[in-house]
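Structure file entry11.cif (mmCIF, C-alpha atoms) follows.
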data_coords
#
loop_
_atom_site.label_atom_id
_atom_site.label_comp_id
_atom_site.auth_asym_id
_atom_site.auth_seq_id
_atom_site.Cartn_x
_atom_site.Cartn_y
_atom_site.Cartn_z
CA MET R 215 3.33 55.62 61.76
CA ALA R 216 3.03 53.31 58.79
CA GLY R 217 4.25 54.72 55.52
CA PRO R 218 6.18 57.92 54.91
CA ASP R 219 7.10 60.46 57.57
CA VAL R 220 5.28 63.74 57.89
CA ALA R 221 8.26 65.45 56.25
CA TRP R 222 7.37 63.79 52.92
CA TYR R 223 3.84 65.15 53.05
CA VAL R 224 5.16 68.62 53.86
CA ALA R 225 7.58 68.34 50.91
CA VAL R 226 4.69 67.47 48.56
CA ALA R 227 2.75 70.42 49.96
CA ALA R 228 5.69 72.77 49.34
CA VAL R 229 6.12 71.62 45.73
CA LEU R 230 2.37 71.87 45.10
CA PHE R 231 2.40 75.41 46.50
CA GLY R 232 5.27 76.26 44.15
CA ILE R 233 3.33 74.87 41.18
CA GLY R 234 0.29 76.94 42.15
CA ALA R 235 2.38 80.09 42.55
CA LEU R 236 3.93 79.49 39.13
CA GLY R 237 0.45 79.11 37.64
CA VAL R 238 -0.71 82.37 39.19
CA LEU R 239 2.36 84.14 37.80
CA ILE R 240 2.53 82.76 34.25
CA ARG R 241 -1.15 82.42 33.31
CA ARG R 242 -3.29 85.34 32.13
CA ASN R 243 -6.75 83.79 31.98
CA THR R 244 -8.64 84.80 35.14
CA LEU R 245 -10.24 81.37 35.49
CA VAL R 246 -6.91 79.54 35.38
CA VAL R 247 -5.47 81.99 37.91
CA LEU R 248 -8.35 81.11 40.23
CA LEU R 249 -7.69 77.39 39.69
CA SER R 250 -4.01 77.92 40.54
CA LEU R 251 -5.07 79.73 43.73
CA GLU R 252 -7.05 76.62 44.62
CA LEU R 253 -3.85 74.58 44.20
CA MET R 254 -2.03 76.88 46.63
CA LEU R 255 -4.84 76.69 49.21
CA ASN R 256 -4.89 72.90 48.93
CA ALA R 257 -1.12 72.76 49.47
CA GLY R 258 -1.64 74.74 52.66
CA ASN R 259 -4.37 72.32 53.70
CA LEU R 260 -2.11 69.32 53.15
CA ALA R 261 0.62 70.85 55.32
CA LEU R 262 -1.92 71.69 58.04
CA ILE R 263 -3.31 68.15 58.12
CA ALA R 264 0.13 66.52 58.04
CA LEU R 265 1.30 68.63 60.98
CA SER R 266 -1.98 68.04 62.80
CA ARG R 267 -1.23 64.31 62.54
CA HIS R 268 2.35 64.93 63.64
CA PHE R 269 1.47 66.92 66.76
CA HIS R 270 -1.66 64.83 67.55
CA ASN R 271 -3.60 68.06 67.71
CA GLY R 272 -7.01 68.58 66.16
CA ALA R 273 -6.65 72.31 65.59
CA GLY R 274 -4.89 71.71 62.26
CA GLN R 275 -7.82 69.76 60.85
CA ILE R 276 -10.26 72.42 62.04
CA PHE R 277 -8.07 75.06 60.41
CA ALA R 278 -8.09 73.02 57.18
CA LEU R 279 -11.90 72.96 57.22
CA ALA R 280 -11.94 76.74 57.76
CA VAL R 281 -9.53 77.14 54.82
CA MET R 282 -11.96 75.11 52.68
CA ALA R 283 -14.78 77.47 53.62
CA VAL R 284 -12.63 80.50 52.80
CA ALA R 285 -11.65 78.90 49.47
CA ALA R 286 -15.33 78.38 48.66
CA SER R 287 -16.00 82.05 49.48
CA GLU R 288 -13.08 83.13 47.32
CA VAL R 289 -14.35 81.06 44.38
CA CYS R 290 -17.85 82.51 44.88
CA VAL R 291 -16.61 86.11 44.70
CA GLY R 292 -14.01 85.39 42.00
CA LEU R 293 -16.47 83.66 39.70
CA GLY R 294 -18.98 86.46 40.39
CA LEU R 295 -16.34 88.89 39.14
CA VAL R 296 -15.70 86.73 36.05
CA VAL R 297 -19.42 86.62 35.26
CA ALA R 298 -19.69 90.41 35.75
CA LEU R 299 -16.69 91.00 33.45
CA ASN R 300 -18.12 88.68 30.83
CA ARG R 301 -21.50 90.39 30.99
CA ARG R 302 -19.85 93.74 30.26
CA GLU R 303 -17.99 92.12 27.37
CA LEU R 304 -14.62 92.89 28.88
CA SER R 305 -11.59 90.70 28.37
CA LEU R 306 -10.78 88.04 30.94
CA ASP R 307 -7.06 88.66 30.47
CA VAL R 308 -5.53 89.80 33.76
CA ASP R 309 -2.96 91.93 31.91
CA THR R 310 -5.67 94.11 30.39
CA LEU R 311 -7.66 94.34 33.64
CA SER R 312 -5.26 96.84 35.13
CA GLU R 313 -7.87 99.16 36.62
CA LEU R 314 -10.95 98.57 38.74
CA LYS R 315 -12.79 101.71 37.60
CA GLY R 316 -16.42 100.76 37.02
CA MET G 1262 6.09 41.58 61.98
CA ILE G 1263 6.10 40.47 58.35
CA LEU G 1264 2.46 41.48 58.10
CA ALA G 1265 3.26 44.92 59.55
CA SER G 1266 6.11 45.52 57.10
CA ALA G 1267 3.89 44.36 54.21
CA GLY G 1268 1.28 46.90 55.32
CA ASN G 1269 3.99 49.52 55.45
CA VAL G 1270 4.98 48.76 51.86
CA VAL G 1271 1.35 49.03 50.75
CA VAL G 1272 1.00 52.42 52.47
CA TRP G 1273 4.22 53.61 50.81
CA MET G 1274 2.96 52.49 47.39
CA VAL G 1275 -0.39 54.24 47.89
CA TRP G 1276 1.44 57.37 49.04
CA VAL G 1277 3.79 57.39 46.05
CA VAL G 1278 0.91 57.01 43.60
CA ALA G 1279 -1.10 59.74 45.36
CA ALA G 1280 1.85 62.14 45.58
CA PHE G 1281 2.84 61.75 41.93
CA SER G 1282 -0.73 62.07 40.68
CA CYS G 1283 -1.16 65.12 42.94
CA LEU G 1284 1.91 66.88 41.52
CA GLY G 1285 1.25 65.68 37.96
CA SER G 1286 -2.33 66.94 37.97
CA GLY G 1287 -1.10 70.19 39.55
CA VAL G 1288 1.25 70.68 36.58
CA ALA G 1289 -1.64 69.74 34.26
CA VAL G 1290 -3.87 72.41 35.83
CA ILE G 1291 -1.43 75.19 34.99
CA SER G 1292 -0.36 73.87 31.57
CA PHE G 1293 -3.61 73.14 29.68
CA SER G 1294 -4.54 75.92 27.28
CA ASN G 1295 -8.26 75.15 27.65
CA PRO G 1296 -9.55 76.08 31.14
CA PHE G 1297 -12.12 73.29 30.92
CA PHE G 1298 -9.35 70.68 31.01
CA SER G 1299 -7.61 72.59 33.81
CA ALA G 1300 -10.75 72.31 35.93
CA LEU G 1301 -10.97 68.59 35.16
CA ALA G 1302 -7.31 68.16 36.17
CA LEU G 1303 -8.10 69.94 39.44
CA ILE G 1304 -10.57 67.12 40.23
CA GLY G 1305 -7.71 64.61 39.95
CA ASN G 1306 -5.58 66.80 42.18
CA LEU G 1307 -8.32 66.99 44.82
CA ALA G 1308 -8.93 63.24 44.70
CA SER G 1309 -5.25 62.41 45.22
CA LEU G 1310 -5.08 64.93 48.07
CA ALA G 1311 -8.09 63.19 49.64
CA VAL G 1312 -6.17 59.90 49.48
CA MET G 1313 -3.28 61.54 51.34
CA TYR G 1314 -5.69 62.92 53.94
CA LEU G 1315 -6.96 59.37 54.48
CA LEU G 1316 -3.37 58.18 55.02
CA LEU G 1317 -3.01 60.96 57.63
CA ASN G 1318 -6.06 59.77 59.63
CA ALA G 1319 -8.18 62.73 58.53
CA GLU G 1320 -11.22 60.82 57.29
CA PHE G 1321 -13.71 63.62 57.84
CA VAL G 1322 -11.57 66.21 56.08
CA ALA G 1323 -11.09 63.83 53.15
CA ALA G 1324 -14.85 63.38 52.80
CA ALA G 1325 -15.44 67.12 53.13
CA GLN G 1326 -12.72 67.74 50.53
CA VAL G 1327 -14.42 65.51 47.96
CA LEU G 1328 -17.89 66.88 48.74
CA VAL G 1329 -17.02 70.58 48.92
CA TYR G 1330 -14.33 70.82 46.25
CA ALA G 1331 -15.09 68.14 43.68
CA GLY G 1332 -18.82 68.39 44.34
CA ALA G 1333 -19.38 72.14 44.59
CA VAL G 1334 -16.36 74.27 43.71
CA VAL G 1335 -15.25 72.47 40.56
CA VAL G 1336 -18.84 72.16 39.31
CA MET G 1337 -19.24 75.92 39.77
CA PHE G 1338 -16.00 76.43 37.83
CA LEU G 1339 -17.26 74.21 35.02
CA PHE G 1340 -20.56 76.12 34.86
CA VAL G 1341 -18.77 79.48 34.61
CA ILE G 1342 -16.29 78.16 32.02
CA ALA G 1343 -19.23 76.93 29.95
CA TYR G 1344 -20.96 80.30 30.47
CA VAL G 1345 -18.10 82.53 29.33
CA GLY G 1346 -17.32 80.26 26.36
CA PRO G 1347 -13.99 78.92 25.11
CA ARG G 1348 -11.12 81.29 25.71
CA ARG G 1349 -7.88 79.58 24.84
CA GLU G 1350 -4.71 80.96 26.28
CA THR G 1351 -1.48 79.04 26.12
CA PRO G 1352 0.89 79.18 29.07
CA TRP G 1353 4.16 81.08 28.67
CA SER G 1354 2.43 83.54 26.33
CA GLY G 1355 2.07 86.54 28.62
CA GLY G 1356 4.23 89.61 28.22
CA PRO G 1357 7.87 89.84 27.19
CA SER G 1358 10.29 87.05 27.97
CA TRP G 1359 11.84 88.85 30.94
CA GLN G 1360 8.44 88.77 32.63
CA THR G 1361 8.19 85.01 32.10
CA ALA G 1362 11.71 84.49 33.39
CA GLY G 1363 10.92 86.69 36.38
CA ALA G 1364 7.77 84.68 37.10
CA VAL G 1365 9.68 81.40 37.04
CA ALA G 1366 12.42 82.88 39.22
CA ALA G 1367 9.86 84.21 41.72
CA ALA G 1368 8.05 80.88 41.97
CA GLY G 1369 11.36 79.03 42.37
CA ALA G 1370 12.52 81.49 45.02
CA LEU G 1371 9.23 81.01 46.90
CA LEU G 1372 9.67 77.23 46.81
CA VAL G 1373 13.29 77.44 48.00
CA GLU G 1374 12.25 79.84 50.75
CA ILE G 1375 9.53 77.47 52.00
CA VAL G 1376 11.89 74.48 51.95
CA VAL G 1377 14.66 76.36 53.77
CA ALA G 1378 12.30 77.86 56.36
CA VAL G 1379 10.54 74.56 57.10
CA GLY G 1380 13.82 72.64 57.08
CA MET G 1381 15.50 75.03 59.50
CA GLN G 1382 12.49 75.15 61.79
CA ALA G 1383 11.83 71.41 61.79
CA ASN G 1384 15.52 70.51 62.04
CA GLY G 1385 14.93 66.82 61.51
CA SER G 1386 12.16 66.51 64.11
CA LEU G 1387 9.39 65.61 61.67
CA HIS G 1388 9.39 61.89 62.49
CA SER G 1389 6.04 60.90 63.84
CA ASP G 1390 5.93 58.16 66.46
CA GLY G 1391 2.43 57.15 65.39
CA LYS G 1392 0.79 57.33 68.81
CA ILE G 1393 -2.70 58.64 68.18
CA GLY G 1394 -5.98 57.71 69.79
CA PRO G 1395 -8.40 55.52 67.86
CA ALA G 1396 -10.88 58.41 67.62
CA PHE G 1397 -8.44 60.82 65.91
CA GLY G 1398 -10.00 62.26 62.75
CA THR G 1399 -13.38 60.55 63.04
CA PRO G 1400 -16.51 62.67 62.47
CA ALA G 1401 -17.56 62.40 66.13
CA TRP G 1402 -14.18 63.66 67.31
CA ILE G 1403 -14.12 66.45 64.70
CA GLY G 1404 -17.62 67.50 65.75
CA ARG G 1405 -16.62 67.69 69.39
CA VAL G 1406 -13.46 69.68 68.65
CA PHE G 1407 -15.20 71.95 66.14
CA LEU G 1408 -18.37 72.73 68.09
CA VAL G 1409 -16.91 72.85 71.60
CA ASP G 1410 -13.31 74.02 71.43
CA HIS G 1411 -13.52 76.10 68.25
CA LEU G 1412 -17.12 77.28 68.28
CA LEU G 1413 -16.21 80.92 67.58
CA ALA G 1414 -14.21 79.95 64.48
CA PHE G 1415 -17.17 77.88 63.27
CA GLU G 1416 -19.60 80.78 63.66
CA ILE G 1417 -17.24 83.28 62.01
CA THR G 1418 -16.78 80.85 59.10
CA SER G 1419 -20.54 80.75 58.60
CA VAL G 1420 -20.68 84.57 58.55
CA VAL G 1421 -17.82 84.68 56.00
CA LEU G 1422 -19.68 82.23 53.76
CA LEU G 1423 -22.88 84.28 54.03
CA ILE G 1424 -21.07 87.51 53.13
CA ALA G 1425 -19.36 85.80 50.16
CA ALA G 1426 -22.70 84.46 48.91
CA VAL G 1427 -24.29 87.94 49.13
CA GLY G 1428 -21.25 89.43 47.37
CA GLY G 1429 -21.43 86.84 44.60
CA VAL G 1430 -25.11 87.58 44.02
CA ILE G 1431 -24.50 91.34 43.92
CA LEU G 1432 -21.56 90.99 41.53
CA GLY G 1433 -23.49 88.65 39.27
CA SER G 1434 -26.66 90.75 39.13
CA HIS G 1435 -24.98 94.07 38.36
CA THR G 1436 -26.42 95.22 35.01
CA ARG G 1437 -24.97 98.72 34.51
CA ARG G 1438 -23.78 99.20 30.93
CA ALA G 1439 -20.08 99.00 30.24
CA THR G 1440 -18.56 102.31 29.27
CA VAL G 1441 -15.44 100.92 27.63
#
Could you render the structure as C-alpha cells?
Amino acid sequence: MAGPDVAWYVAVAAVLFGIGALGVLIRRNTLVVLLSLELMLNAGNLALIALSRHFHNGAGQIFALAVMAVAASEVCVGLGLVVALNRRELSLDVDTLSELKG
Amino acid sequence: MILASAGNVVVWMVWVVAAFSCLGSGVAVISFSNPFFSALALIGNLASLAVMYLLLNAEFVAAAQVLVYAGAVVVMFLFVIAYVGPRRETPWSGGPSWQTAGAVAAAGALLVEIVVAVGMQANGSLHSDGKIGPAFGTPAWIGRVFLVDHLLAFEITSVVLLIAAVGGVILGSHTRRATV
C-alpha cells in the first residue's frame, strides 16, 4: 500500500475523536455541541474506512455510509430542537437546559 | 522502482497535508466563539477527510461525504445559525474551573483509552499488504455490496431517515406557548 500504514489513519481518527469529545464537554452552545458530535462521528467513519481497506472487506464502507445517514438524522432532529427552543425564546445554553419539561 | 518510490512520497505528502488540516480544522471547530465560523471550519474538516478516503480507495464514500455533509448537513447548520442569530460563547467559559479541568481530563482519558485499546488489540498487525482488487471502492462494487449483501441495513437506514425527517418537522412546527 503506497503511503502511510492503516495505523496512521486510525491514529488520526483517535485524535479527531478526542477533539470532538473535548468540544462536546467544554462548549455550552447547543449548535457547537452538535458540530463537535459531527467531528466524533466522522472520526468513527475514518477508522471504519481505514480498517475496511486493511481487511479488504466492504462492510466497513457500508457501515460508514450508514453512519452518515444516522448523522444526517441526528442533525435533523437536533436542529429541529434548536429551532423549537429558539421559537420559545429559551436559551441555547446546555447548562440552563437542565430539564425537558415542556 | 524510482517511479514507485516517488509516488509513495507524493502519497505521504498528500496524507500529511490532509491529516494536519483535518486535525487543525477540528481544533478550529471547537475553538471559534462564533458558531458560524465553526460550521465553516467543519467544511474544511470534511474536505480533508474526503481526501483521506480517496487515499484509502473509498471513492464512493468520499463523494457521498462531500455531497451529504458539505452539501446538505453544513448548509442546514448555516441556515439554523442564521435563523437563531449570533450567539457568541467563548470556549473554556462554562462553569467553575474544576468542571473545565474535569472535561479536559475526561477527554484526555477517552483518547488514552482508545489508543491503549486499539494498540493492544492490533498489536502491530496494522500493516496493510496492499492487495486489493481493482474494483474495491468503486460505485458499482459499493452498489453490489450495499443492495445485495446488506439490503436489510439499506432499508432500515431509509426508515431511520424517514422517521428523523418526520420528527424534525414535528419539532419545528410545534407552536405551543412557552410557559417559562
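With distances restricted to all atoms listed in the file, R:His270 is the closest residue to Pro1395 of chain G from R:Asn259, R:Ser250, R:Arg241, R:His270.
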task = Would you list the contacts of Ala1368 of chain G as a VMD selection string, taking every protein, DNA or RNA residue within 7 Å and counting only C-alpha atoms, but skipping same-chain residues closer than 6 positions in sequence?
result = chain R and resid 232 235 to 236
Identify all chain R residues at most 6 Å from chain G by counting all atoms listed in the file; ligands do not count. Present them as a PDB file with C-alpha atoms, in the frame of the given file.
ATOM      1  CA  MET R 215       3.330  55.620  61.760  1.00  0.00           C
ATOM      2  CA  ALA R 216       3.030  53.310  58.790  1.00  0.00           C
ATOM      3  CA  GLY R 217       4.250  54.720  55.520  1.00  0.00           C
ATOM      4  CA  ASP R 219       7.100  60.460  57.570  1.00  0.00           C
ATOM      5  CA  VAL R 220       5.280  63.740  57.890  1.00  0.00           C
ATOM      6  CA  ALA R 221       8.260  65.450  56.250  1.00  0.00           C
ATOM      7  CA  GLY R 232       5.270  76.260  44.150  1.00  0.00           C
ATOM      8  CA  ALA R 235       2.380  80.090  42.550  1.00  0.00           C
ATOM      9  CA  LEU R 236       3.930  79.490  39.130  1.00  0.00           C
ATOM     10  CA  GLY R 237       0.450  79.110  37.640  1.00  0.00           C
ATOM     11  CA  LEU R 239       2.360  84.140  37.800  1.00  0.00           C
ATOM     12  CA  ARG R 241      -1.150  82.420  33.310  1.00  0.00           C
ATOM     13  CA  HIS R 268       2.350  64.930  63.640  1.00  0.00           C
ATOM     14  CA  SER R 287     -16.000  82.050  49.480  1.00  0.00           C
ATOM     15  CA  CYS R 290     -17.850  82.510  44.880  1.00  0.00           C
ATOM     16  CA  VAL R 291     -16.610  86.110  44.700  1.00  0.00           C
ATOM     17  CA  GLY R 294     -18.980  86.460  40.390  1.00  0.00           C
ATOM     18  CA  ALA R 298     -19.690  90.410  35.750  1.00  0.00           C
ATOM     19  CA  ARG R 302     -19.850  93.740  30.260  1.00  0.00           C
TER      20      ARG R 302
END
ask   = So how many Å separate atom CA of Ser305 of chain R and atom CA of Gly292 of chain R, to one decimal?
value = 14.8 Å
ask   = So which one's closest to Ala257 of chain R, G:Leu1301, G:Ser1309, G:Val1420, G:Arg1405? Using only C-alpha atoms, please.
value =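 The closest residue to Ala257 of chain R is G:Ser1309.
Rounded to one decimal, atom CA of Asn300 of chain R and atom CA of Leu251 of chain R lie 20.4 Å from each other.
Listed by chain and then by number, the residues chosen by the PyMOL selection byres ((chain R and resi 242) around 8) in this file are R:Ile240, R:Arg241, R:Asn243, R:Thr244, R:Val246, R:Val247, R:Asp307, R:Val308, R:Asp309, G:Glu1350, G:Gly1355.
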Point-to-point distance in Å for atom CA of Ala1323 of chain G and atom CA of Gln275 of chain R =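 Here the two named atoms are 10.3 Å from each other.
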query = the PyMOL selection byres ((chain R and resi 260) around 9) on the file shown: which residues, as a list in words?
reply = Tyr223, Val224, Val226, Ala227, Leu255, Asn256, Ala257, Gly258, Asn259, Ala261, Leu262, Ile263, Ala264, Leu265 and Ala278 of chain R; Leu1310, Met1313 and Tyr1314 of chain G
Could you please fill out segment 283-312 of chain R with N, CA and C atoms and send it back as a PDB file, in the frame of the given file?
ATOM      1  N   ALA R 283     -13.660  76.535  53.680  1.00  0.00           N
ATOM      2  CA  ALA R 283     -14.780  77.470  53.620  1.00  0.00           C
ATOM      3  C   ALA R 283     -14.332  78.790  53.002  1.00  0.00           C
ATOM      4  N   VAL R 284     -13.126  79.244  53.373  1.00  0.00           N
ATOM      5  CA  VAL R 284     -12.630  80.500  52.800  1.00  0.00           C
ATOM      6  C   VAL R 284     -12.382  80.325  51.308  1.00  0.00           C
ATOM      7  N   ALA R 285     -11.882  79.143  50.898  1.00  0.00           N
ATOM      8  CA  ALA R 285     -11.650  78.900  49.470  1.00  0.00           C
ATOM      9  C   ALA R 285     -12.974  78.919  48.713  1.00  0.00           C
ATOM     10  N   ALA R 286     -14.023  78.348  49.330  1.00  0.00           N
ATOM     11  CA  ALA R 286     -15.330  78.380  48.660  1.00  0.00           C
ATOM     12  C   ALA R 286     -15.819  79.809  48.526  1.00  0.00           C
ATOM     13  N   SER R 287     -15.602  80.644  49.568  1.00  0.00           N
ATOM     14  CA  SER R 287     -16.000  82.050  49.480  1.00  0.00           C
ATOM     15  C   SER R 287     -15.232  82.768  48.390  1.00  0.00           C
ATOM     16  N   GLU R 288     -13.929  82.474  48.318  1.00  0.00           N
ATOM     17  CA  GLU R 288     -13.080  83.130  47.320  1.00  0.00           C
ATOM     18  C   GLU R 288     -13.538  82.762  45.907  1.00  0.00           C
ATOM     19  N   VAL R 289     -13.874  81.483  45.707  1.00  0.00           N
ATOM     20  CA  VAL R 289     -14.350  81.060  44.380  1.00  0.00           C
ATOM     21  C   VAL R 289     -15.678  81.742  44.058  1.00  0.00           C
ATOM     22  N   CYS R 290     -16.537  81.872  45.091  1.00  0.00           N
ATOM     23  CA  CYS R 290     -17.850  82.510  44.880  1.00  0.00           C
ATOM     24  C   CYS R 290     -17.662  83.944  44.395  1.00  0.00           C
ATOM     25  N   VAL R 291     -16.821  84.719  45.084  1.00  0.00           N
ATOM     26  CA  VAL R 291     -16.610  86.110  44.700  1.00  0.00           C
ATOM     27  C   VAL R 291     -15.846  86.199  43.385  1.00  0.00           C
ATOM     28  N   GLY R 292     -14.821  85.345  43.223  1.00  0.00           N
ATOM     29  CA  GLY R 292     -14.010  85.390  42.000  1.00  0.00           C
ATOM     30  C   GLY R 292     -14.833  85.057  40.766  1.00  0.00           C
ATOM     31  N   LEU R 293     -15.650  84.010  40.860  1.00  0.00           N
ATOM     32  CA  LEU R 293     -16.470  83.660  39.700  1.00  0.00           C
ATOM     33  C   LEU R 293     -17.560  84.700  39.478  1.00  0.00           C
ATOM     34  N   GLY R 294     -18.059  85.351  40.568  1.00  0.00           N
ATOM     35  CA  GLY R 294     -18.980  86.460  40.390  1.00  0.00           C
ATOM     36  C   GLY R 294     -18.347  87.590  39.592  1.00  0.00           C
ATOM     37  N   LEU R 295     -17.064  87.865  39.898  1.00  0.00           N
ATOM     38  CA  LEU R 295     -16.340  88.890  39.140  1.00  0.00           C
ATOM     39  C   LEU R 295     -16.192  88.478  37.681  1.00  0.00           C
ATOM     40  N   VAL R 296     -15.869  87.195  37.432  1.00  0.00           N
ATOM     41  CA  VAL R 296     -15.700  86.730  36.050  1.00  0.00           C
ATOM     42  C   VAL R 296     -17.006  86.887  35.278  1.00  0.00           C
ATOM     43  N   VAL R 297     -18.118  86.512  35.931  1.00  0.00           N
ATOM     44  CA  VAL R 297     -19.420  86.620  35.260  1.00  0.00           C
ATOM     45  C   VAL R 297     -19.732  88.089  34.977  1.00  0.00           C
ATOM     46  N   ALA R 298     -19.426  88.981  35.962  1.00  0.00           N
ATOM     47  CA  ALA R 298     -19.690  90.410  35.750  1.00  0.00           C
ATOM     48  C   ALA R 298     -18.849  90.951  34.604  1.00  0.00           C
ATOM     49  N   LEU R 299     -17.569  90.544  34.537  1.00  0.00           N
ATOM     50  CA  LEU R 299     -16.690  91.000  33.450  1.00  0.00           C
ATOM     51  C   LEU R 299     -17.213  90.504  32.113  1.00  0.00           C
ATOM     52  N   ASN R 300     -17.643  89.246  32.084  1.00  0.00           N
ATOM     53  CA  ASN R 300     -18.120  88.680  30.830  1.00  0.00           C
ATOM     54  C   ASN R 300     -19.406  89.366  30.378  1.00  0.00           C
ATOM     55  N   ARG R 301     -20.241  89.739  31.345  1.00  0.00           N
ATOM     56  CA  ARG R 301     -21.500  90.390  30.990  1.00  0.00           C
ATOM     57  C   ARG R 301     -21.244  91.768  30.394  1.00  0.00           C
ATOM     58  N   ARG R 302     -20.192  92.438  30.836  1.00  0.00           N
ATOM     59  CA  ARG R 302     -19.850  93.740  30.260  1.00  0.00           C
ATOM     60  C   ARG R 302     -18.965  93.613  29.031  1.00  0.00           C
ATOM     61  N   GLU R 303     -18.778  92.399  28.559  1.00  0.00           N
ATOM     62  CA  GLU R 303     -17.990  92.120  27.370  1.00  0.00           C
ATOM     63  C   GLU R 303     -16.573  92.670  27.486  1.00  0.00           C
ATOM     64  N   LEU R 304     -16.016  92.540  28.686  1.00  0.00           N
ATOM     65  CA  LEU R 304     -14.620  92.890  28.880  1.00  0.00           C
ATOM     66  C   LEU R 304     -13.772  91.637  28.709  1.00  0.00           C
ATOM     67  N   SER R 305     -12.493  91.841  28.510  1.00  0.00           N
ATOM     68  CA  SER R 305     -11.590  90.700  28.370  1.00  0.00           C
ATOM     69  C   SER R 305     -11.378  90.034  29.723  1.00  0.00           C
ATOM     70  N   LEU R 306     -11.100  88.742  29.697  1.00  0.00           N
ATOM     71  CA  LEU R 306     -10.780  88.040  30.940  1.00  0.00           C
ATOM     72  C   LEU R 306      -9.266  87.936  31.141  1.00  0.00           C
ATOM     73  N   ASP R 307      -8.512  88.693  30.378  1.00  0.00           N
ATOM     74  CA  ASP R 307      -7.060  88.660  30.470  1.00  0.00           C
ATOM     75  C   ASP R 307      -6.620  89.557  31.627  1.00  0.00           C
ATOM     76  N   VAL R 308      -5.875  88.995  32.586  1.00  0.00           N
ATOM     77  CA  VAL R 308      -5.530  89.800  33.760  1.00  0.00           C
ATOM     78  C   VAL R 308      -4.587  90.935  33.402  1.00  0.00           C
ATOM     79  N   ASP R 309      -3.857  90.838  32.276  1.00  0.00           N
ATOM     80  CA  ASP R 309      -2.960  91.930  31.910  1.00  0.00           C
ATOM     81  C   ASP R 309      -3.726  93.159  31.453  1.00  0.00           C
ATOM     82  N   THR R 310      -4.905  92.953  30.833  1.00  0.00           N
ATOM     83  CA  THR R 310      -5.670  94.110  30.390  1.00  0.00           C
ATOM     84  C   THR R 310      -6.589  94.646  31.475  1.00  0.00           C
ATOM     85  N   LEU R 311      -6.788  93.866  32.547  1.00  0.00           N
ATOM     86  CA  LEU R 311      -7.660  94.340  33.640  1.00  0.00           C
ATOM     87  C   LEU R 311      -6.817  95.072  34.666  1.00  0.00           C
ATOM     88  N   SER R 312      -6.194  96.174  34.231  1.00  0.00           N
ATOM     89  CA  SER R 312      -5.260  96.840  35.130  1.00  0.00           C
ATOM     90  C   SER R 312      -5.916  97.904  35.967  1.00  0.00           C
TER      91      SER R 312
END
